[in-house]
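Trainee: Mind looking over this structure? Questions follow.
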Amino acid sequence: MCGEMKIISRQEAKVLGLKRYFTGKPCKYGHICERSFSRGCFTCEREKTRERRRYNPEQHREQHRRWREKNREYHLARCRYYAQQRSLKLRRALAVLHELGLDL
Ligand SMILES: [Zn+2]
């Protein structure tokens, strides 16, 4: 994941609405790789997850499976909600562009 990538600032990524971005600068643990707005450095996140699994692989799998079953409805509802929000946001953005006379 740390190959050639377009360097972009956090600010620019935000303006462009990207979920992940690559600044070319190391995180506090020295990983030079992509980051996400919600979770930060990808390598850090991956290592944290791996660590958790190494200590408790069975429990992790089992918990995840149970969580999914228990939250099936909730998960589906949340997916629908986010899809709705996305289209609302898009419509609002298009309305702003329209007001500015910048119709696409
Ligand atoms: Zn890191």
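If you're wondering about the labels, chains in the structure tokens are A, B, ... by order shown, residues count from 1 in each chain, ligands from 1 in order shown.
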Could the residues of chain A that have an atom at most 7 Å from ligand 1 be listed as JSON lines, each with its closest atom pair and the distance in Å to one decimal, counting only C-alpha atoms and all ligand atoms and ordered by chain and ascending residue number?
Mentor:
```
{"residue": "A:Cys27", "atom": "CA", "partner": "ligand 1", "partner_atom_place_in_ligand_line": "1 (Zn)", "distance": 4.8}
{"residue": "A:Lys28", "atom": "CA", "partner": "ligand 1", "partner_atom_place_in_ligand_line": "1 (Zn)", "distance": 6.3}
{"residue": "A:Tyr29", "atom": "CA", "partner": "ligand 1", "partner_atom_place_in_ligand_line": "1 (Zn)", "distance": 5.0}
{"residue": "A:Gly30", "atom": "CA", "partner": "ligand 1", "partner_atom_place_in_ligand_line": "1 (Zn)", "distance": 6.1}
{"residue": "A:His31", "atom": "CA", "partner": "ligand 1", "partner_atom_place_in_ligand_line": "1 (Zn)", "distance": 4.4}
{"residue": "A:Cys41", "atom": "CA", "partner": "ligand 1", "partner_atom_place_in_ligand_line": "1 (Zn)", "distance": 4.5}
{"residue": "A:Phe42", "atom": "CA", "partner": "ligand 1", "partner_atom_place_in_ligand_line": "1 (Zn)", "distance": 6.4}
{"residue": "A:Thr43", "atom": "CA", "partner": "ligand 1", "partner_atom_place_in_ligand_line": "1 (Zn)", "distance": 5.0}
{"residue": "A:Cys44", "atom": "CA", "partner": "ligand 1", "partner_atom_place_in_ligand_line": "1 (Zn)", "distance": 4.0}
```
Trainee: Among the residues of region 1-77 of chain A, find those DSSP assigns to strand (DSSP E) from the backbone and print them as a list in words.
Mentor: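 Filtering region 1-77 of chain A down to strand (DSSP E) leaves Arg20, Tyr21, Arg35, Ser36, Gly40 and Cys41 of chain A.
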Trainee: Can you pull out every residue within 9 Å of Lys6 (chain A), counting only C-alpha atoms, but drop anything in the same chain fewer than 3 positions away, and send it as number ranges by chain?
Mentor: A: 21-24
Trainee: Which neighbours of Lys25 (chain A) fall inside 10 Å, counting only C-alpha atoms, when residues of the same chain fewer than 4 positions from it are skipped, and could you give them as a list in words?
Mentor: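 Returned residues: Ile7, Ser9, Gly30, His31, Ile32, Cys33 and Glu34 of chain A.
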Trainee: What parts of chain A does DSSP call helix (DSSP H, G or I)? I'd like the answer as a PyMOL selection string.
Mentor: chain A and resi 10-16+42-55+57-70+72-99
Trainee: Could you give me, as a list in words, the residues within 6 Å of Ser36 (chain A), counting only C-alpha atoms and dropping anything in the same chain fewer than 4 positions from it?
Mentor: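 Using only C-alpha atoms, the neighbours found are Lys19, Arg20 and Gly40 of chain A.
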Trainee: So how many Å separate CA of Leu94 (chain A) and CA of Leu18 (chain A), to one decimal?
Mentor: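 A separation of 17.8 Å between them.
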Trainee: Using Å and a single decimal, report how far CA of Arg50 (chain A) sits from CA of Arg65 (chain A).
Mentor: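 CA of Arg50 (chain A) lies at a distance of 17.4 Å from CA of Arg65 (chain A).
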